[in-house]
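This report concerns only the one structure given below.
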Amino acid sequence: MGLRASSEISLAGTDGTTDADRMTHTIHTTETGETDETGDTDDMADMDDTPVMYVQSSVAGAAKILVVGPMGVGKTTLIGTVSEIKPLSTEATMSQAGARLDTKVRPTKTTTTVALDFGRITLGGELVLYLFGTPGQQRFLPAWKDLARGALGALALVDTRDLEASFDAIGHLEDLDVPFSVAVNAFPDSKLHSEDDLRSALDLLPHTPLVICDAREHQSSVKALISLVSHLIETLTEAP
Amino acid sequence: MSPPGEEHTTAAVRPYVITRGRAGSSREALPLETLVVASGSALPPHLQPEYRRIAEFCQGLLSVAEVAAHLDQPPAVVQVLLADLIDWGHIVARPPIRVAKRKRADLDLLRKVLDGLESKL
């Protein structure tokens, strides 16, 4: 937990790629509960220079989905589980408004950046889908505006051990009018809650899908994304 | 290497100088998911190294976010440099497929995404 919590903070620093990949790997092994895999040391060395995997030249365009939630909820794990590339890390720059807000805290800084982990899935050879992991805290809201523009929708990840931590992210999606579905990332020590309890605790609208997933599992994570896209299609077809 | 008194900046600062402070300002930034690829046009010999590095890196299709992550540069800088390279014809972009609410085209896009995801199961 400590490691996961620190990852997104440290990524906002300067040495993005290296730290990000190391942290991603740490997160993965932590959350899967696996012991060190063979070749782990070599793996770590390779991560300093992630090989480039170009998008197939047949791809005509890209779309994006946001994966949002508090730190440590498993965003990067889920992205890594479904991505065809090792998740990469970059940063989003806060908009001007955000920068102004932030100057109250740090008067010497004019812009603030937010760490962004992302992955990629090529769909049907002509379309590539990017998944951007977006931290949920209130102070990151300004960075969301640019990211959310043009997004198909968002998958909001929730950890039932700390539901309140997800309130900000879900609130931002509602404020920005980004359609979303909720995926509860089931941690091994998560308590079981009834769907009704979770819905009322998260104050979800009746049509917002809620699924349980395991971000470490490929099938489970893809199904969570499918629930979102099905919801987006329903919203579109049912709209007046 | 540098003669005494010559102004030099660190690698981290220089791209901001190259973009002349345009990072995060002026025209609308290229969305991070925009796909870019080198056009294959010959790069002029005087092209600054930051531009050259990006143009040479984009031998195949990549998103703006991937270019920034692989080159370990802030996206705000890469967005500006790429936009210049597009203006000069050295890079071509495949703009992201955007959703405008309640349009038929979006439904087709979403169905493609759904079919694609279902094929991954």
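All residue names refer to the structure tokens as shown: chains lettered A, B, ... in order, residues numbered from 1 in each chain, ligands numbered from 1 in order.
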Test item: chain B residues at most 7 Å from chain A, counting only C-alpha atoms, as a PDB file with N, CA and C atoms, in the first residue's frame:
```pdb
ATOM      1  N   GLU B  33      -3.567  11.264 -27.505  1.00  0.00           N
ATOM      2  CA  GLU B  33      -3.795  10.010 -28.229  1.00  0.00           C
ATOM      3  C   GLU B  33      -3.681  10.186 -29.750  1.00  0.00           C
ATOM      4  N   THR B  34      -3.365  11.399 -30.199  1.00  0.00           N
ATOM      5  CA  THR B  34      -3.164  11.610 -31.636  1.00  0.00           C
ATOM      6  C   THR B  34      -2.040  10.701 -32.132  1.00  0.00           C
ATOM      7  N   LEU B  35      -2.279  10.008 -33.239  1.00  0.00           N
ATOM      8  CA  LEU B  35      -1.230   9.153 -33.805  1.00  0.00           C
ATOM      9  C   LEU B  35      -0.401   9.969 -34.784  1.00  0.00           C
ATOM     10  N   GLY B  60       7.503   4.806 -37.185  1.00  0.00           N
ATOM     11  CA  GLY B  60       6.223   4.108 -37.258  1.00  0.00           C
ATOM     12  C   GLY B  60       5.188   4.920 -36.501  1.00  0.00           C
ATOM     13  N   LEU B  61       3.943   4.473 -36.568  1.00  0.00           N
ATOM     14  CA  LEU B  61       2.858   5.173 -35.889  1.00  0.00           C
ATOM     15  C   LEU B  61       2.999   5.071 -34.376  1.00  0.00           C
ATOM     16  N   LEU B  62       2.855   6.195 -33.723  1.00  0.00           N
ATOM     17  CA  LEU B  62       2.850   6.231 -32.252  1.00  0.00           C
ATOM     18  C   LEU B  62       1.959   7.380 -31.802  1.00  0.00           C
ATOM     19  N   ALA B  65       1.480  10.669 -26.669  1.00  0.00           N
ATOM     20  CA  ALA B  65       1.846  10.254 -25.305  1.00  0.00           C
ATOM     21  C   ALA B  65       3.025   9.287 -25.328  1.00  0.00           C
ATOM     22  N   ALA B  68       6.305  11.094 -26.104  1.00  0.00           N
ATOM     23  CA  ALA B  68       6.779  11.820 -24.923  1.00  0.00           C
ATOM     24  C   ALA B  68       7.376  10.860 -23.896  1.00  0.00           C
ATOM     25  N   ALA B  69       6.702   9.738 -23.670  1.00  0.00           N
ATOM     26  CA  ALA B  69       7.166   8.797 -22.650  1.00  0.00           C
ATOM     27  C   ALA B  69       8.486   8.157 -23.066  1.00  0.00           C
ATOM     28  N   ASP B  72      11.246  10.581 -22.950  1.00  0.00           N
ATOM     29  CA  ASP B  72      11.384  11.143 -21.608  1.00  0.00           C
ATOM     30  C   ASP B  72      11.321  12.675 -21.627  1.00  0.00           C
ATOM     31  N   PRO B  74       8.554  16.120 -21.427  1.00  0.00           N
ATOM     32  CA  PRO B  74       7.185  16.488 -21.017  1.00  0.00           C
ATOM     33  C   PRO B  74       6.266  16.546 -22.235  1.00  0.00           C
ATOM     34  N   PRO B  75       5.071  15.970 -22.143  1.00  0.00           N
ATOM     35  CA  PRO B  75       4.149  16.010 -23.278  1.00  0.00           C
ATOM     36  C   PRO B  75       3.880  17.427 -23.770  1.00  0.00           C
ATOM     37  N   ALA B  76       3.851  18.383 -22.855  1.00  0.00           N
ATOM     38  CA  ALA B  76       3.554  19.758 -23.259  1.00  0.00           C
ATOM     39  C   ALA B  76       4.596  20.251 -24.262  1.00  0.00           C
ATOM     40  N   ARG B  94      -2.679  11.354 -37.533  1.00  0.00           N
ATOM     41  CA  ARG B  94      -4.021  10.786 -37.716  1.00  0.00           C
ATOM     42  C   ARG B  94      -4.810  11.213 -36.492  1.00  0.00           C
ATOM     43  N   PRO B  95      -5.644  12.201 -36.656  1.00  0.00           N
ATOM     44  CA  PRO B  95      -6.301  12.779 -35.489  1.00  0.00           C
ATOM     45  C   PRO B  95      -7.168  11.746 -34.775  1.00  0.00           C
ATOM     46  N   PRO B  96      -7.295  11.905 -33.468  1.00  0.00           N
ATOM     47  CA  PRO B  96      -8.112  10.960 -32.719  1.00  0.00           C
ATOM     48  C   PRO B  96      -9.554  11.004 -33.191  1.00  0.00           C
ATOM     49  N   ILE B  97     -10.200   9.866 -33.023  1.00  0.00           N
ATOM     50  CA  ILE B  97     -11.614   9.788 -33.356  1.00  0.00           C
ATOM     51  C   ILE B  97     -12.359  10.336 -32.147  1.00  0.00           C
ATOM     52  N   ARG B  98     -13.022  11.440 -32.346  1.00  0.00           N
ATOM     53  CA  ARG B  98     -13.672  12.096 -31.224  1.00  0.00           C
ATOM     54  C   ARG B  98     -15.138  11.717 -31.149  1.00  0.00           C
ATOM     55  N   VAL B  99     -15.668  11.817 -29.952  1.00  0.00           N
ATOM     56  CA  VAL B  99     -17.090  11.571 -29.821  1.00  0.00           C
ATOM     57  C   VAL B  99     -17.827  12.891 -29.701  1.00  0.00           C
ATOM     58  N   ARG B 102     -24.332  11.775 -29.208  1.00  0.00           N
ATOM     59  CA  ARG B 102     -25.544  11.390 -29.931  1.00  0.00           C
ATOM     60  C   ARG B 102     -25.411  11.504 -31.442  1.00  0.00           C
ATOM     61  N   LEU B 107     -21.774   5.781 -32.602  1.00  0.00           N
ATOM     62  CA  LEU B 107     -22.302   4.454 -32.342  1.00  0.00           C
ATOM     63  C   LEU B 107     -21.461   3.414 -33.093  1.00  0.00           C
ATOM     64  N   LEU B 110     -18.186   3.094 -31.227  1.00  0.00           N
ATOM     65  CA  LEU B 110     -18.332   2.340 -29.979  1.00  0.00           C
ATOM     66  C   LEU B 110     -18.542   0.855 -30.255  1.00  0.00           C
ATOM     67  N   VAL B 113     -15.279  -0.645 -30.983  1.00  0.00           N
ATOM     68  CA  VAL B 113     -14.509  -0.820 -29.740  1.00  0.00           C
ATOM     69  C   VAL B 113     -15.034  -2.046 -28.989  1.00  0.00           C
ATOM     70  N   LEU B 114     -16.351  -2.149 -28.932  1.00  0.00           N
ATOM     71  CA  LEU B 114     -16.959  -3.286 -28.225  1.00  0.00           C
ATOM     72  C   LEU B 114     -16.572  -4.614 -28.887  1.00  0.00           C
ATOM     73  N   GLY B 116     -14.047  -5.188 -30.752  1.00  0.00           N
ATOM     74  CA  GLY B 116     -12.614  -5.395 -30.554  1.00  0.00           C
ATOM     75  C   GLY B 116     -12.310  -5.942 -29.173  1.00  0.00           C
ATOM     76  N   LEU B 117     -12.971  -5.379 -28.162  1.00  0.00           N
ATOM     77  CA  LEU B 117     -12.735  -5.841 -26.782  1.00  0.00           C
ATOM     78  C   LEU B 117     -13.242  -7.268 -26.608  1.00  0.00           C
ATOM     79  N   LEU B 121     -11.415 -11.480 -25.372  1.00  0.00           N
ATOM     80  CA  LEU B 121     -11.789 -12.384 -24.272  1.00  0.00           C
ATOM     81  C   LEU B 121     -11.344 -13.817 -24.568  1.00  0.00           C
TER      82      LEU B 121
END
```
Practice task
Show which residues sit within 9 Å of Leu176 of chain A, as a PyMOL selection string. Count only C-alpha atoms, and ignore same-chain residues fewer than 5 positions away.
Solution key: chain A and resi 144-145+148+171
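Taking atom CA of Val211 of chain A as the reference point, atom CA of Ala183 of chain A is found at 4.8 Å.
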Exercise for the section: Rank A:Leu155, A:Ala186, A:Asp214, A:Ala165 by their smallest atom-to-atom distance to Ala201 of chain A, using only C-alpha atoms, and report the top residue only. Expected result: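 Nearest candidate to Ala201 of chain A out of A:Leu155, A:Ala186, A:Asp214, A:Ala165: A:Ala165.
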Practice task
Can you check which residues of segment 89-226 of chain A DSSP gives as strand (DSSP E) on the backbone and send them as a VMD selection string?
Solution key: chain A and resid 89 to 93 113 to 123 127 to 135 153 to 158 180 to 185 210 to 213
How would the residues just chosen look if you wrote them out with N, CA and C atoms as a CSV table (one decimal), in the first residue's frame?
```
chain,number,residue,atom,x,y,z
A,89,SER,N,4.7,5.8,-18.7
A,89,SER,CA,4.3,6.8,-17.9
A,89,SER,C,4.7,8.2,-18.5
A,90,THR,N,3.8,9.1,-18.4
A,90,THR,CA,4.2,10.5,-18.8
A,90,THR,C,3.4,11.4,-17.9
A,91,GLU,N,3.3,12.6,-18.2
A,91,GLU,CA,2.7,13.5,-17.3
A,91,GLU,C,1.7,14.4,-18.0
A,92,ALA,N,0.7,14.9,-17.3
A,92,ALA,CA,-0.2,15.9,-17.9
A,92,ALA,C,0.1,17.2,-17.2
A,93,THR,N,0.0,18.2,-18.0
A,93,THR,CA,0.3,19.5,-17.4
A,93,THR,C,-1.1,20.2,-17.0
A,113,THR,N,2.4,19.2,-12.7
A,113,THR,CA,2.1,18.1,-13.6
A,113,THR,C,1.6,16.9,-12.8
A,114,VAL,N,0.9,16.1,-13.5
A,114,VAL,CA,0.3,14.9,-12.9
A,114,VAL,C,0.8,13.7,-13.6
A,115,ALA,N,1.2,12.7,-12.9
A,115,ALA,CA,1.7,11.5,-13.5
A,115,ALA,C,0.6,10.8,-14.2
A,116,LEU,N,0.8,10.3,-15.4
A,116,LEU,CA,-0.2,9.5,-16.1
A,116,LEU,C,0.4,8.2,-16.6
A,117,ASP,N,-0.1,7.1,-16.2
A,117,ASP,CA,0.3,5.8,-16.7
A,117,ASP,C,-0.7,5.5,-17.8
A,118,PHE,N,-0.2,4.9,-18.9
A,118,PHE,CA,-1.1,4.6,-20.0
A,118,PHE,C,-0.7,3.3,-20.7
A,119,GLY,N,-1.7,2.7,-21.4
A,119,GLY,CA,-1.5,1.5,-22.1
A,119,GLY,C,-2.3,1.6,-23.4
A,120,ARG,N,-2.2,0.5,-24.2
A,120,ARG,CA,-2.7,0.6,-25.6
A,120,ARG,C,-3.2,-0.8,-26.0
A,121,ILE,N,-4.4,-0.8,-26.7
A,121,ILE,CA,-4.9,-2.0,-27.2
A,121,ILE,C,-5.3,-1.8,-28.7
A,122,THR,N,-4.8,-2.6,-29.6
A,122,THR,CA,-5.2,-2.4,-31.0
A,122,THR,C,-6.4,-3.3,-31.2
A,123,LEU,N,-7.5,-2.7,-31.7
A,123,LEU,CA,-8.7,-3.4,-31.9
A,123,LEU,C,-9.1,-3.5,-33.4
A,127,LEU,N,-8.1,0.3,-35.4
A,127,LEU,CA,-8.4,1.3,-34.4
A,127,LEU,C,-7.5,0.9,-33.2
A,128,VAL,N,-7.0,1.9,-32.5
A,128,VAL,CA,-6.2,1.7,-31.3
A,128,VAL,C,-6.9,2.4,-30.2
A,129,LEU,N,-7.0,1.7,-29.1
A,129,LEU,CA,-7.6,2.3,-27.9
A,129,LEU,C,-6.5,2.6,-26.8
A,130,TYR,N,-6.5,3.8,-26.4
A,130,TYR,CA,-5.5,4.1,-25.3
A,130,TYR,C,-6.3,4.2,-24.0
A,131,LEU,N,-5.6,3.7,-22.9
A,131,LEU,CA,-6.2,3.8,-21.6
A,131,LEU,C,-5.3,4.7,-20.8
A,132,PHE,N,-5.8,5.7,-20.3
A,132,PHE,CA,-5.0,6.7,-19.4
A,132,PHE,C,-5.5,6.5,-18.0
A,133,GLY,N,-4.5,6.2,-17.1
A,133,GLY,CA,-4.8,6.1,-15.7
A,133,GLY,C,-4.7,7.5,-15.1
A,134,THR,N,-5.8,8.0,-14.5
A,134,THR,CA,-5.9,9.3,-14.1
A,134,THR,C,-6.1,9.4,-12.6
A,135,PRO,N,-5.2,10.0,-11.8
A,135,PRO,CA,-5.4,10.0,-10.4
A,135,PRO,C,-6.6,10.9,-10.0
A,153,GLY,N,-15.2,7.5,-22.6
A,153,GLY,CA,-15.8,7.4,-21.3
A,153,GLY,C,-14.8,7.0,-20.3
A,154,ALA,N,-15.2,6.7,-19.1
A,154,ALA,CA,-14.2,6.4,-18.0
A,154,ALA,C,-14.6,5.2,-17.2
A,155,LEU,N,-13.7,4.4,-16.8
A,155,LEU,CA,-13.9,3.3,-15.9
A,155,LEU,C,-13.4,3.8,-14.5
A,156,ALA,N,-14.3,3.9,-13.6
A,156,ALA,CA,-13.9,4.4,-12.2
A,156,ALA,C,-13.7,3.2,-11.4
A,157,LEU,N,-12.4,3.0,-10.9
A,157,LEU,CA,-12.0,1.9,-10.1
A,157,LEU,C,-12.3,2.3,-8.6
A,158,VAL,N,-12.8,1.3,-7.9
A,158,VAL,CA,-13.2,1.5,-6.5
A,158,VAL,C,-12.6,0.4,-5.7
A,180,PHE,N,-19.5,7.1,-17.4
A,180,PHE,CA,-18.6,6.2,-16.8
A,180,PHE,C,-19.3,4.9,-16.3
A,181,SER,N,-18.6,3.9,-16.0
A,181,SER,CA,-19.1,2.8,-15.2
A,181,SER,C,-18.1,2.5,-14.1
A,182,VAL,N,-18.6,1.8,-13.1
A,182,VAL,CA,-17.8,1.6,-11.9
A,182,VAL,C,-17.3,0.2,-11.8
A,183,ALA,N,-16.1,0.0,-11.5
A,183,ALA,CA,-15.5,-1.4,-11.4
A,183,ALA,C,-14.9,-1.5,-10.0
A,184,VAL,N,-15.4,-2.4,-9.2
A,184,VAL,CA,-14.9,-2.6,-7.9
A,184,VAL,C,-13.7,-3.6,-8.0
A,185,ASN,N,-12.5,-3.1,-7.7
A,185,ASN,CA,-11.3,-3.9,-7.8
A,185,ASN,C,-11.3,-4.8,-6.5
A,210,LEU,N,-22.2,-1.2,-12.4
A,210,LEU,CA,-21.3,-1.5,-11.3
A,210,LEU,C,-20.9,-3.0,-11.5
A,211,VAL,N,-19.6,-3.2,-11.7
A,211,VAL,CA,-19.1,-4.6,-11.8
A,211,VAL,C,-18.0,-4.8,-10.8
A,212,ILE,N,-17.8,-6.1,-10.5
A,212,ILE,CA,-16.7,-6.5,-9.7
A,212,ILE,C,-15.6,-7.0,-10.6
A,213,CYS,N,-14.4,-6.6,-10.4
A,213,CYS,CA,-13.3,-7.1,-11.3
A,213,CYS,C,-12.1,-7.4,-10.5
```
Exercise for the section: Mind checking which residues fall within 12 Å of segment 43-45 of chain B, counting only C-alpha atoms, ignoring those fewer than 3 positions away in the same chain, and posting them as a count of residues only? Expected result: 16
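Candidate residues A:Asp175, A:His231, A:Asp189, A:Ile85 were compared for distance to Pro142 of chain A, and the nearest is A:Asp175, using only C-alpha atoms.
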Practice task
Write out as a VMD selection string all residues of segment 132-229 of chain A that DSSP puts in alpha helix (DSSP H) for this structure's backbone.
Solution key: chain A and resid 141 to 148 167 to 175 195 to 202 218 to 229
Keeping only C-alpha atoms, write those residues as a JSON list (two decimals), in the first residue's frame.
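And here's out-v9.json as it stands now:
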```
[["chain", "number", "residue", "atom", "x", "y", "z"],
["A", 141, "LEU", "CA", -9.01, 18.12, -11.37],
["A", 142, "PRO", "CA", -7.60, 20.81, -13.67],
["A", 143, "ALA", "CA", -5.47, 18.19, -15.44],
["A", 144, "TRP", "CA", -8.61, 16.17, -16.12],
["A", 145, "LYS", "CA", -10.22, 18.70, -18.38],
["A", 146, "ASP", "CA", -7.80, 18.21, -21.27],
["A", 147, "LEU", "CA", -7.62, 14.48, -20.74],
["A", 148, "ALA", "CA", -11.36, 14.04, -20.60],
["A", 167, "PHE", "CA", -15.70, 10.02, -4.21],
["A", 168, "ASP", "CA", -13.48, 12.71, -5.77],
["A", 169, "ALA", "CA", -12.90, 10.76, -8.97],
["A", 170, "ILE", "CA", -16.57, 9.91, -9.43],
["A", 171, "GLY", "CA", -17.54, 13.50, -8.63],
["A", 172, "HIS", "CA", -15.12, 14.83, -11.26],
["A", 173, "LEU", "CA", -16.59, 12.54, -13.91],
["A", 174, "GLU", "CA", -20.06, 13.79, -13.10],
["A", 175, "ASP", "CA", -18.91, 17.42, -13.12],
["A", 195, "GLU", "CA", -24.45, -4.20, -4.75],
["A", 196, "ASP", "CA", -27.19, -2.09, -3.22],
["A", 197, "ASP", "CA", -24.95, -1.05, -0.35],
["A", 198, "LEU", "CA", -22.16, -0.11, -2.72],
["A", 199, "ARG", "CA", -24.51, 1.83, -4.98],
["A", 200, "SER", "CA", -25.93, 3.83, -2.17],
["A", 201, "ALA", "CA", -22.53, 4.41, -0.57],
["A", 202, "LEU", "CA", -21.18, 5.70, -3.88],
["A", 218, "HIS", "CA", -7.04, -10.17, -18.16],
["A", 219, "GLN", "CA", -10.56, -11.52, -18.75],
["A", 220, "SER", "CA", -11.95, -9.73, -15.74],
["A", 221, "SER", "CA", -10.41, -6.41, -16.70],
["A", 222, "VAL", "CA", -11.52, -6.67, -20.34],
["A", 223, "LYS", "CA", -15.04, -7.46, -19.10],
["A", 224, "ALA", "CA", -14.98, -4.31, -16.97],
["A", 225, "LEU", "CA", -14.11, -2.30, -20.09],
["A", 226, "ILE", "CA", -16.85, -4.11, -22.01],
["A", 227, "SER", "CA", -19.37, -3.12, -19.35],
["A", 228, "LEU", "CA", -18.35, 0.49, -19.84],
["A", 229, "VAL", "CA", -18.56, 0.41, -23.64]]
```
Exercise for the section: Record the distance separating atom CA of Phe187 of chain A and atom CA of Gln138 of chain A, expressed in Å with one decimal. Expected result: 24.2 Å
Practice task
Work out how far atom CA of Leu71 of chain B is from atom CA of Leu66 of chain A, in Å to one decimal.
Solution key: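 Distance between the two atoms: 22.8 Å.
Distances from B:Val92, B:Val64, B:Leu47, B:Val37 to Val80 of chain B were compared using only C-alpha atoms, and the smallest one belongs to B:Val64.
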